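Undergrad: Sharing final22.pdb, PDB, C-alpha atoms, pLDDT in the B column:
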MODEL        1
ATOM      1  CA  MET A  25      51.120  66.834  42.496  1.00 51.00           C
ATOM      2  CA  ALA A  26      47.777  67.895  41.005  1.00 54.00           C
ATOM      3  CA  SER A  27      45.568  70.410  42.782  1.00 68.00           C
ATOM      4  CA  LYS A  28      42.764  69.173  44.998  1.00 73.00           C
ATOM      5  CA  GLY A  29      40.132  70.790  42.779  1.00 73.00           C
ATOM      6  CA  CYS A  30      41.488  69.104  39.682  1.00 78.00           C
ATOM      7  CA  LEU A  31      41.541  65.710  41.399  1.00 79.00           C
ATOM      8  CA  GLN A  32      37.963  66.154  42.570  1.00 83.00           C
ATOM      9  CA  THR A  33      36.835  67.043  39.047  1.00 84.00           C
ATOM     10  CA  VAL A  34      38.547  64.011  37.516  1.00 83.00           C
ATOM     11  CA  ARG A  35      37.084  61.759  40.211  1.00 83.00           C
ATOM     12  CA  TYR A  36      33.615  63.128  39.532  1.00 85.00           C
ATOM     13  CA  PHE A  37      33.865  62.553  35.796  1.00 86.00           C
ATOM     14  CA  LEU A  38      35.254  59.032  36.258  1.00 87.00           C
ATOM     15  CA  VAL A  39      32.359  58.105  38.550  1.00 87.00           C
ATOM     16  CA  VAL A  40      29.861  59.457  35.996  1.00 88.00           C
ATOM     17  CA  LEU A  41      31.597  57.529  33.209  1.00 88.00           C
ATOM     18  CA  ASN A  42      31.406  54.310  35.208  1.00 88.00           C
ATOM     19  CA  ILE A  43      27.695  54.803  35.843  1.00 89.00           C
ATOM     20  CA  VAL A  44      27.243  55.168  32.082  1.00 88.00           C
ATOM     21  CA  PHE A  45      29.395  52.038  31.581  1.00 85.00           C
ATOM     22  CA  PHE A  46      27.155  50.133  33.969  1.00 88.00           C
ATOM     23  CA  VAL A  47      24.035  50.991  31.971  1.00 88.00           C
ATOM     24  CA  LEU A  48      25.642  50.338  28.566  1.00 83.00           C
ATOM     25  CA  GLY A  49      27.101  47.077  29.880  1.00 85.00           C
ATOM     26  CA  LEU A  50      23.587  45.920  30.759  1.00 89.00           C
ATOM     27  CA  VAL A  51      22.445  46.862  27.240  1.00 84.00           C
ATOM     28  CA  ILE A  52      25.278  44.849  25.640  1.00 81.00           C
ATOM     29  CA  LEU A  53      24.564  41.914  27.955  1.00 87.00           C
ATOM     30  CA  GLY A  54      20.863  42.079  27.140  1.00 86.00           C
ATOM     31  CA  TYR A  55      21.461  42.050  23.389  1.00 78.00           C
ATOM     32  CA  GLY A  56      23.734  39.014  23.681  1.00 81.00           C
ATOM     33  CA  LEU A  57      21.091  37.129  25.684  1.00 83.00           C
ATOM     34  CA  TRP A  58      18.387  38.203  23.229  1.00 77.00           C
ATOM     35  CA  ILE A  59      20.313  36.823  20.238  1.00 72.00           C
ATOM     36  CA  LEU A  60      20.742  33.456  21.963  1.00 73.00           C
ATOM     37  CA  PHE A  61      17.446  32.907  23.751  1.00 72.00           C
ATOM     38  CA  ASP A  62      14.593  34.872  22.152  1.00 65.00           C
ATOM     39  CA  GLN A  63      12.547  32.023  20.696  1.00 52.00           C
ATOM     40  CA  GLU A  64      10.226  34.372  18.804  1.00 54.00           C
ATOM     41  CA  SER A  65      13.034  36.097  16.931  1.00 57.00           C
ATOM     42  CA  PHE A  66      14.510  35.432  13.490  1.00 57.00           C
ATOM     43  CA  MET A  67      17.872  35.677  15.263  1.00 58.00           C
ATOM     44  CA  THR A  68      17.110  32.288  16.827  1.00 58.00           C
ATOM     45  CA  ILE A  69      16.890  30.666  13.394  1.00 58.00           C
ATOM     46  CA  ILE A  70      20.101  32.314  12.182  1.00 55.00           C
ATOM     47  CA  VAL A  71      21.987  31.208  15.304  1.00 52.00           C
ATOM     48  CA  ARG A  72      20.808  27.615  14.857  1.00 54.00           C
ATOM     49  CA  ASP A  73      21.710  27.279  11.212  1.00 52.00           C
ATOM     50  CA  GLY A  74      24.770  27.581   9.010  1.00 50.00           C
ATOM     51  CA  HIS A  75      28.315  28.950   9.192  1.00 48.00           C
ATOM     52  CA  ALA A  76      27.154  32.523   9.657  1.00 49.00           C
ATOM     53  CA  GLY A  77      24.896  31.334  12.452  1.00 53.00           C
ATOM     54  CA  LYS A  78      27.833  29.783  14.312  1.00 59.00           C
ATOM     55  CA  ASN A  79      29.810  33.002  13.994  1.00 57.00           C
ATOM     56  CA  LEU A  80      26.836  35.058  15.117  1.00 62.00           C
ATOM     57  CA  GLN A  81      26.427  32.747  18.094  1.00 69.00           C
ATOM     58  CA  GLY A  82      30.085  33.328  18.944  1.00 70.00           C
ATOM     59  CA  ALA A  83      29.504  37.073  18.716  1.00 69.00           C
ATOM     60  CA  ALA A  84      26.486  36.710  21.020  1.00 76.00           C
ATOM     61  CA  PHE A  85      28.566  34.907  23.656  1.00 81.00           C
ATOM     62  CA  ALA A  86      31.229  37.591  23.294  1.00 78.00           C
ATOM     63  CA  LEU A  87      28.608  40.304  23.830  1.00 78.00           C
ATOM     64  CA  ILE A  88      27.435  38.551  26.989  1.00 86.00           C
ATOM     65  CA  VAL A  89      30.984  38.297  28.325  1.00 85.00           C
ATOM     66  CA  VAL A  90      31.894  41.878  27.402  1.00 80.00           C
ATOM     67  CA  GLY A  91      28.636  43.213  28.831  1.00 84.00           C
ATOM     68  CA  GLY A  92      29.065  41.295  32.082  1.00 88.00           C
ATOM     69  CA  ILE A  93      32.681  42.387  32.487  1.00 86.00           C
ATOM     70  CA  THR A  94      31.706  45.997  31.752  1.00 84.00           C
ATOM     71  CA  VAL A  95      29.145  45.900  34.563  1.00 89.00           C
ATOM     72  CA  ILE A  96      31.689  44.418  36.998  1.00 89.00           C
ATOM     73  CA  LEU A  97      34.465  46.834  36.003  1.00 87.00           C
ATOM     74  CA  SER A  98      32.183  49.862  36.269  1.00 88.00           C
ATOM     75  CA  THR A  99      31.394  48.836  39.846  1.00 89.00           C
ATOM     76  CA  LEU A 100      35.103  48.364  40.543  1.00 87.00           C
ATOM     77  CA  GLY A 101      35.866  51.762  39.015  1.00 86.00           C
ATOM     78  CA  CYS A 102      33.280  53.527  41.181  1.00 86.00           C
ATOM     79  CA  LEU A 103      34.677  51.815  44.279  1.00 85.00           C
ATOM     80  CA  GLY A 104      38.300  52.691  43.556  1.00 84.00           C
ATOM     81  CA  THR A 105      37.458  56.272  42.593  1.00 84.00           C
ATOM     82  CA  GLY A 106      35.060  56.938  45.440  1.00 80.00           C
ATOM     83  CA  LYS A 107      37.285  55.410  48.149  1.00 80.00           C
ATOM     84  CA  ARG A 108      40.566  56.626  46.577  1.00 80.00           C
ATOM     85  CA  ILE A 109      42.057  53.123  46.636  1.00 81.00           C
ATOM     86  CA  LYS A 110      45.079  53.282  44.339  1.00 83.00           C
ATOM     87  CA  CYS A 111      45.562  49.520  43.886  1.00 85.00           C
ATOM     88  CA  VAL A 112      41.906  49.105  42.902  1.00 84.00           C
ATOM     89  CA  LEU A 113      42.214  51.993  40.437  1.00 85.00           C
ATOM     90  CA  CYS A 114      45.329  50.500  38.873  1.00 86.00           C
ATOM     91  CA  LEU A 115      43.610  47.111  38.582  1.00 87.00           C
ATOM     92  CA  TYR A 116      40.624  48.849  37.014  1.00 87.00           C
ATOM     93  CA  LEU A 117      42.935  50.606  34.541  1.00 87.00           C
ATOM     94  CA  VAL A 118      44.530  47.353  33.373  1.00 88.00           C
ATOM     95  CA  PHE A 119      41.221  45.567  32.873  1.00 87.00           C
ATOM     96  CA  ILE A 120      39.493  48.504  31.201  1.00 86.00           C
ATOM     97  CA  MET A 121      42.288  48.580  28.611  1.00 86.00           C
ATOM     98  CA  LEU A 122      41.899  44.850  27.990  1.00 86.00           C
ATOM     99  CA  LEU A 123      38.142  45.319  27.739  1.00 80.00           C
ATOM    100  CA  LEU A 124      38.605  48.058  25.164  1.00 82.00           C
ATOM    101  CA  VAL A 125      40.615  45.681  22.974  1.00 83.00           C
ATOM    102  CA  ALA A 126      37.970  42.947  23.425  1.00 76.00           C
ATOM    103  CA  GLN A 127      35.185  45.320  22.404  1.00 73.00           C
ATOM    104  CA  VAL A 128      37.035  46.291  19.240  1.00 78.00           C
ATOM    105  CA  VAL A 129      37.310  42.581  18.357  1.00 77.00           C
ATOM    106  CA  VAL A 130      33.618  41.891  19.114  1.00 67.00           C
ATOM    107  CA  GLY A 131      32.445  44.971  17.233  1.00 69.00           C
ATOM    108  CA  SER A 132      34.548  44.008  14.227  1.00 75.00           C
ATOM    109  CA  LEU A 133      33.178  40.449  14.298  1.00 70.00           C
ATOM    110  CA  VAL A 134      29.562  41.647  14.366  1.00 65.00           C
ATOM    111  CA  TYR A 135      30.247  44.158  11.586  1.00 70.00           C
ATOM    112  CA  LEU A 136      31.977  41.598   9.356  1.00 73.00           C
ATOM    113  CA  GLU A 137      29.236  39.002   9.850  1.00 66.00           C
ATOM    114  CA  LYS A 138      26.296  41.328   9.246  1.00 65.00           C
ATOM    115  CA  ASP A 139      26.489  40.982   5.452  1.00 68.00           C
ATOM    116  CA  LYS A 140      26.508  37.186   5.747  1.00 67.00           C
ATOM    117  CA  ILE A 141      23.294  37.125   7.755  1.00 64.00           C
ATOM    118  CA  TYR A 142      20.954  37.988   4.884  1.00 66.00           C
ATOM    119  CA  PRO A 143      21.899  35.069   2.568  1.00 68.00           C
ATOM    120  CA  THR A 144      21.560  32.744   5.564  1.00 65.00           C
ATOM    121  CA  LEU A 145      18.246  34.340   6.424  1.00 66.00           C
ATOM    122  CA  ASN A 146      16.854  33.896   2.912  1.00 66.00           C
ATOM    123  CA  SER A 147      17.959  30.251   2.637  1.00 67.00           C
ATOM    124  CA  THR A 148      16.715  29.127   6.056  1.00 67.00           C
ATOM    125  CA  ILE A 149      13.545  31.116   6.692  1.00 72.00           C
ATOM    126  CA  LEU A 150      11.569  29.284   4.021  1.00 69.00           C
ATOM    127  CA  SER A 151      12.329  25.973   5.756  1.00 69.00           C
ATOM    128  CA  THR A 152      10.449  27.194   8.835  1.00 72.00           C
ATOM    129  CA  PHE A 153       7.224  27.236   6.843  1.00 73.00           C
ATOM    130  CA  MET A 154       7.334  23.445   6.888  1.00 71.00           C
ATOM    131  CA  ALA A 155       7.256  23.387  10.700  1.00 72.00           C
ATOM    132  CA  TYR A 156       4.276  25.707  11.080  1.00 76.00           C
ATOM    133  CA  GLY A 157       1.275  23.577  12.079  1.00 73.00           C
ATOM    134  CA  ASN A 158       3.332  20.391  12.458  1.00 69.00           C
ATOM    135  CA  GLU A 159       2.312  18.925  15.803  1.00 66.00           C
ATOM    136  CA  SER A 160       5.187  16.408  15.809  1.00 65.00           C
ATOM    137  CA  SER A 161       7.948  18.994  15.320  1.00 60.00           C
ATOM    138  CA  SER A 162       9.900  20.000  18.434  1.00 58.00           C
ATOM    139  CA  LEU A 163      10.605  23.371  16.820  1.00 56.00           C
ATOM    140  CA  SER A 164       7.028  24.052  15.766  1.00 57.00           C
ATOM    141  CA  LYS A 165       5.723  25.883  18.829  1.00 64.00           C
ATOM    142  CA  SER A 166       8.430  28.542  18.759  1.00 64.00           C
ATOM    143  CA  VAL A 167       8.111  28.835  14.974  1.00 66.00           C
ATOM    144  CA  TRP A 168       4.337  29.276  15.206  1.00 71.00           C
ATOM    145  CA  SER A 169       4.700  31.957  17.821  1.00 73.00           C
ATOM    146  CA  MET A 170       7.466  33.675  15.859  1.00 75.00           C
ATOM    147  CA  TRP A 171       5.543  33.782  12.593  1.00 80.00           C
ATOM    148  CA  ASP A 172       2.319  34.876  14.258  1.00 82.00           C
ATOM    149  CA  THR A 173       4.157  37.710  16.014  1.00 80.00           C
ATOM    150  CA  ILE A 174       6.009  38.784  12.854  1.00 83.00           C
ATOM    151  CA  GLN A 175       2.941  38.727  10.608  1.00 85.00           C
ATOM    152  CA  THR A 176       0.862  40.596  13.172  1.00 85.00           C
ATOM    153  CA  ASN A 177       3.406  43.258  14.111  1.00 85.00           C
ATOM    154  CA  PHE A 178       4.663  43.907  10.577  1.00 88.00           C
ATOM    155  CA  ASN A 179       1.227  43.560   8.971  1.00 89.00           C
ATOM    156  CA  CYS A 180       2.477  41.069   6.393  1.00 90.00           C
ATOM    157  CA  CYS A 181       1.990  37.499   5.197  1.00 89.00           C
ATOM    158  CA  GLY A 182       4.761  35.052   4.283  1.00 86.00           C
ATOM    159  CA  TYR A 183       8.389  35.964   3.777  1.00 85.00           C
ATOM    160  CA  ASN A 184       8.419  37.023   0.121  1.00 87.00           C
ATOM    161  CA  ASP A 185       4.611  37.030  -0.100  1.00 87.00           C
ATOM    162  CA  TYR A 186       1.622  34.860   0.828  1.00 85.00           C
ATOM    163  CA  ASN A 187       2.576  32.263  -1.810  1.00 84.00           C
ATOM    164  CA  ASP A 188       5.351  31.049   0.492  1.00 83.00           C
ATOM    165  CA  TRP A 189       2.670  29.289   2.552  1.00 83.00           C
ATOM    166  CA  ASN A 190       2.048  26.951  -0.387  1.00 79.00           C
ATOM    167  CA  LEU A 191       5.260  25.211   0.714  1.00 77.00           C
ATOM    168  CA  ASN A 192       3.642  24.193   3.992  1.00 76.00           C
ATOM    169  CA  GLY A 193       2.465  20.577   4.029  1.00 71.00           C
ATOM    170  CA  ASN A 194       0.309  20.896   7.139  1.00 69.00           C
ATOM    171  CA  VAL A 195      -2.490  22.999   5.666  1.00 65.00           C
ATOM    172  CA  LYS A 196      -5.946  21.559   5.211  1.00 63.00           C
ATOM    173  CA  PRO A 197      -7.960  21.827   1.984  1.00 59.00           C
ATOM    174  CA  ASP A 198     -10.363  24.323   3.547  1.00 57.00           C
ATOM    175  CA  LYS A 199      -7.768  26.192   5.639  1.00 63.00           C
ATOM    176  CA  SER A 200      -4.820  27.225   3.521  1.00 72.00           C
ATOM    177  CA  TYR A 201      -3.267  30.258   5.276  1.00 82.00           C
ATOM    178  CA  PRO A 202      -2.330  31.199   8.849  1.00 84.00           C
ATOM    179  CA  CYS A 203      -5.040  33.197  10.577  1.00 84.00           C
ATOM    180  CA  THR A 204      -2.502  35.979  11.205  1.00 85.00           C
ATOM    181  CA  CYS A 205      -2.376  36.564   7.441  1.00 86.00           C
ATOM    182  CA  THR A 206      -5.837  38.087   7.476  1.00 85.00           C
ATOM    183  CA  LYS A 207      -6.290  41.835   7.082  1.00 82.00           C
ATOM    184  CA  ALA A 208      -9.003  41.797   9.737  1.00 75.00           C
ATOM    185  CA  GLU A 209      -8.126  42.152  13.402  1.00 69.00           C
ATOM    186  CA  VAL A 210      -9.391  38.893  14.843  1.00 60.00           C
ATOM    187  CA  GLN A 211      -8.448  36.647  17.738  1.00 57.00           C
ATOM    188  CA  ALA A 212      -7.755  33.416  15.908  1.00 54.00           C
ATOM    189  CA  GLN A 213      -8.654  30.205  17.710  1.00 57.00           C
ATOM    190  CA  GLU A 214      -6.730  28.079  15.205  1.00 63.00           C
ATOM    191  CA  TYR A 215      -3.442  28.435  13.355  1.00 71.00           C
ATOM    192  CA  PHE A 216      -4.921  28.046   9.861  1.00 79.00           C
ATOM    193  CA  CYS A 217      -8.007  29.774   8.530  1.00 81.00           C
ATOM    194  CA  ASN A 218     -10.109  29.600   5.391  1.00 80.00           C
ATOM    195  CA  LEU A 219      -9.022  32.858   3.742  1.00 78.00           C
ATOM    196  CA  THR A 220      -9.487  34.153   0.231  1.00 79.00           C
ATOM    197  CA  ILE A 221      -6.783  36.107  -1.579  1.00 81.00           C
ATOM    198  CA  SER A 222      -8.688  39.342  -1.045  1.00 83.00           C
ATOM    199  CA  GLU A 223      -8.661  38.759   2.721  1.00 84.00           C
ATOM    200  CA  ILE A 224      -4.878  38.219   2.907  1.00 87.00           C
ATOM    201  CA  LYS A 225      -2.233  40.868   3.546  1.00 88.00           C
ATOM    202  CA  SER A 226      -0.539  41.536   0.232  1.00 84.00           C
ATOM    203  CA  ASP A 227       2.961  42.416   1.478  1.00 89.00           C
ATOM    204  CA  GLY A 228       5.587  39.862   2.444  1.00 89.00           C
ATOM    205  CA  CYS A 229       7.602  40.214   5.656  1.00 87.00           C
ATOM    206  CA  LYS A 230      11.081  40.188   4.079  1.00 85.00           C
ATOM    207  CA  ALA A 231      11.652  43.954   3.803  1.00 87.00           C
ATOM    208  CA  SER A 232      10.334  44.621   7.319  1.00 87.00           C
ATOM    209  CA  VAL A 233      12.378  41.813   8.875  1.00 82.00           C
ATOM    210  CA  GLU A 234      15.596  42.929   7.167  1.00 81.00           C
ATOM    211  CA  ALA A 235      14.998  46.545   8.252  1.00 86.00           C
ATOM    212  CA  TRP A 236      14.349  45.372  11.815  1.00 82.00           C
ATOM    213  CA  LEU A 237      17.495  43.220  11.775  1.00 77.00           C
ATOM    214  CA  SER A 238      19.636  46.069  10.416  1.00 80.00           C
ATOM    215  CA  ALA A 239      18.298  48.463  13.041  1.00 83.00           C
ATOM    216  CA  ASN A 240      19.139  46.067  15.889  1.00 76.00           C
ATOM    217  CA  LEU A 241      22.634  45.362  14.563  1.00 76.00           C
ATOM    218  CA  LEU A 242      23.177  49.107  14.245  1.00 80.00           C
ATOM    219  CA  VAL A 243      22.185  49.558  17.889  1.00 78.00           C
ATOM    220  CA  ILE A 244      24.661  46.869  18.966  1.00 72.00           C
ATOM    221  CA  LEU A 245      27.492  48.460  16.992  1.00 76.00           C
ATOM    222  CA  SER A 246      26.577  51.951  18.195  1.00 81.00           C
ATOM    223  CA  VAL A 247      26.563  50.879  21.848  1.00 75.00           C
ATOM    224  CA  CYS A 248      29.940  49.132  21.462  1.00 74.00           C
ATOM    225  CA  LEU A 249      31.366  52.226  19.760  1.00 80.00           C
ATOM    226  CA  ALA A 250      29.992  54.552  22.451  1.00 80.00           C
ATOM    227  CA  VAL A 251      31.434  52.400  25.224  1.00 78.00           C
ATOM    228  CA  GLY A 252      34.782  52.241  23.427  1.00 80.00           C
ATOM    229  CA  VAL A 253      35.029  56.027  23.078  1.00 84.00           C
ATOM    230  CA  LEU A 254      34.064  56.572  26.716  1.00 83.00           C
ATOM    231  CA  GLU A 255      36.575  53.952  27.827  1.00 83.00           C
ATOM    232  CA  ILE A 256      39.376  55.946  26.204  1.00 87.00           C
ATOM    233  CA  PHE A 257      38.439  58.856  28.477  1.00 86.00           C
ATOM    234  CA  ALA A 258      38.158  56.493  31.446  1.00 85.00           C
ATOM    235  CA  VAL A 259      41.684  55.184  30.785  1.00 85.00           C
ATOM    236  CA  ALA A 260      43.045  58.730  30.687  1.00 87.00           C
ATOM    237  CA  PHE A 261      41.249  59.699  33.915  1.00 85.00           C
ATOM    238  CA  ALA A 262      42.310  56.488  35.662  1.00 84.00           C
ATOM    239  CA  ILE A 263      45.964  57.045  34.701  1.00 86.00           C
ATOM    240  CA  TYR A 264      45.778  60.592  36.041  1.00 83.00           C
ATOM    241  CA  LEU A 265      44.292  59.441  39.367  1.00 82.00           C
ATOM    242  CA  CYS A 266      46.758  56.585  39.748  1.00 81.00           C
ATOM    243  CA  MET A 267      49.643  59.007  39.307  1.00 82.00           C
ATOM    244  CA  ASN A 268      48.282  61.605  41.733  1.00 79.00           C
ATOM    245  CA  ILE A 269      46.550  59.760  44.579  1.00 73.00           C
TER     246      ILE A 269
ENDMDL
END
Let me see whether you can do it: turn the structure in this file into structure tokens.
TA:
Amino acid sequence: MASKGCLQTVRYFLVVLNIVFFVLGLVILGYGLWILFDQESFMTIIVRDGHAGKNLQGAAFALIVVGGITVILSTLGCLGTGKRIKCVLCLYLVFIMLLLVAQVVVGSLVYLEKDKIYPTLNSTILSTFMAYGNESSSLSKSVWSMWDTIQTNFNCCGYNDYNDWNLNGNVKPDKSYPCTCTKAEVQAQEYFCNLTISEIKSDGCKASVEAWLSANLLVILSVCLAVGVLEIFAVAFAIYLCMNI
């Protein structure tokens, strides 16, 4: 039988770990929801289109499930540890081990699909230029908002460069570029403005978008890895408590 002081220390650390799990579970859940539902994100376009998009959508659902289960299990772990309920702790131990395996699978899926996102991105992004300014398109409003946000926040115009907007069939002869392409900080009342080349941002958005996408995928993988490492400690602590309570 372990000493009382040792048991108290293990209980304390397990409670702290489960509080951390709760927070990280919310982060994982939030990222999964963001991938699926953020209408102003390039992720939305990737999810809607192509084989890689379907796999990424599957990964997003998996992140939502794993994040939700992590939140529930962390609550269960705190309850079993705080109240010294052995059956709850043993149940927690079983599910935390299953969750660890699930997170390894999800993390591997996201990692394997990350290199397939960029070709999909390049082949589908240009098609969204056709929807910008098209009043009859059901997708247009979210695309307008997305492109306006991207071009404003990243201080860029077009995907490769401003010439991409020549593909858009909704421009008017006197208004050939989105107002968010202008270098000046103005509150545009219309989507297209009469801009000269000298007034347009020279850089395309491609490099900034890819860097942003890589950074977010890195965060997802880092959070999954952190949770996985901490869960190994949680399993060890839970086994110790189950054997000594």
Undergrad: For the structure shown, which residues end up in the PyMOL selection byres ((chain A and resi 29-45) around 8)? Put them as a list in words, please?
TA: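 With the PyMOL selection byres ((chain A and resi 29-45) around 8) on this model, the match is Ala26, Ser27, Lys28, Phe46, Val47, Leu48, Gly49, Thr94, Val95, Ser98, Thr99, Gly101, Cys102, Thr105, Gly106, Val251, Leu254, Ala258, Phe261, Ala262, Leu265 and Asn268 of chain A.
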Undergrad: So what does the PyMOL selection byres ((chain A and resi 191) around 9) actually pick up in this one, as a list in words?
TA: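 Applied to this file, the PyMOL selection byres ((chain A and resi 191) around 9) selects Leu150, Ser151, Phe153, Met154, Asn187, Asp188, Trp189, Asn190, Asn192 and Gly193 of chain A.
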Undergrad: Would you please work out which residue, of A:Leu113, A:Ile174, A:Ile224, A:Val253, is nearest to Trp236 (chain A) when using all atoms listed in the file?
TA: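 Among the listed residues, A:Ile174 lies closest to Trp236 (chain A).
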Undergrad: Quick one: distance from CA of Cys217 (chain A) to CA of Gly157 (chain A) in Å, one decimal?
TA: 11.7 Å
Undergrad: Please evaluate the PyMOL selection byres ((chain A and resi 222) around 12) against the displayed coordinates and give the resulting residues as a ChimeraX atom specification.
TA: /A:186,205-208,218-221,223-226
Undergrad: Choose the residue, out of A:Leu115, A:Cys181, A:Ile244, A:Ile263, that has the smallest atom-to-atom separation from Ile88 (chain A); count only C-alpha atoms.
TA: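 Looking only at the distances to Ile88 (chain A), the closest residue turns out to be A:Ile244.
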Undergrad: So how many Å separate CA of Met267 (chain A) and CA of Cys248 (chain A), to one decimal?
TA: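 Computing it gives 28.4 Å between the two atoms.
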Undergrad: Considering all atoms listed in the file, can you say which of A:Asn184, A:Leu249, A:Glu255, A:Cys203 comes closest to Glu234 (chain A)?
TA: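 Residue with the minimum atom-to-atom distance to Glu234 (chain A): A:Asn184.
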Undergrad: Please provide as a list in words all residues within 9 Å of Gly252 (chain A), with the sequence filter that same-chain residues fewer than 3 positions apart are discarded (counting all atoms listed in the file).
TA: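 Near neighbours after the sequence-gap exclusion: Leu123, Leu124, Val125, Gln127, Val128, Val247, Cys248, Leu249, Glu255 and Ile256 of chain A.
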Undergrad: Let me have the centre and edge lengths in Å, one decimal, of the box along x, y and z around every listed atom of region 231-235 of chain A with 3 Å of margin on each side, as JSON.
TA:
{"center_x": 13.0, "center_y": 44.2, "center_z": 6.3, "size_x": 11.3, "size_y": 10.7, "size_z": 11.1}
Undergrad: Nearest residue to Phe216 (chain A) out of A:Tyr183, A:Phe178, A:Trp168, A:Tyr135, using all atoms listed in the file?
TA: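 Nearest to Phe216 (chain A): A:Trp168.
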Undergrad: Which distance in Å separates CA of Tyr116 (chain A) and CA of Leu97 (chain A), to one decimal?
TA: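 Taking CA of Tyr116 (chain A) as the start and CA of Leu97 (chain A) as the end point, the length is 6.6 Å.
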Undergrad: Rank A:Gly182, A:Gly56, A:Pro202, A:Gly228 by their smallest atom-to-atom distance to Ala84 (chain A), using only C-alpha atoms, and report the top residue only.
TA: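 That would be A:Gly56, the residue with the smallest distance to Ala84 (chain A).
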Undergrad: Nearest to Leu87 (chain A) among A:Cys229, A:Leu133, A:Ala250, A:Ala155, with distances taken over all atoms listed in the file: which residue is it?
TA: A:Leu133
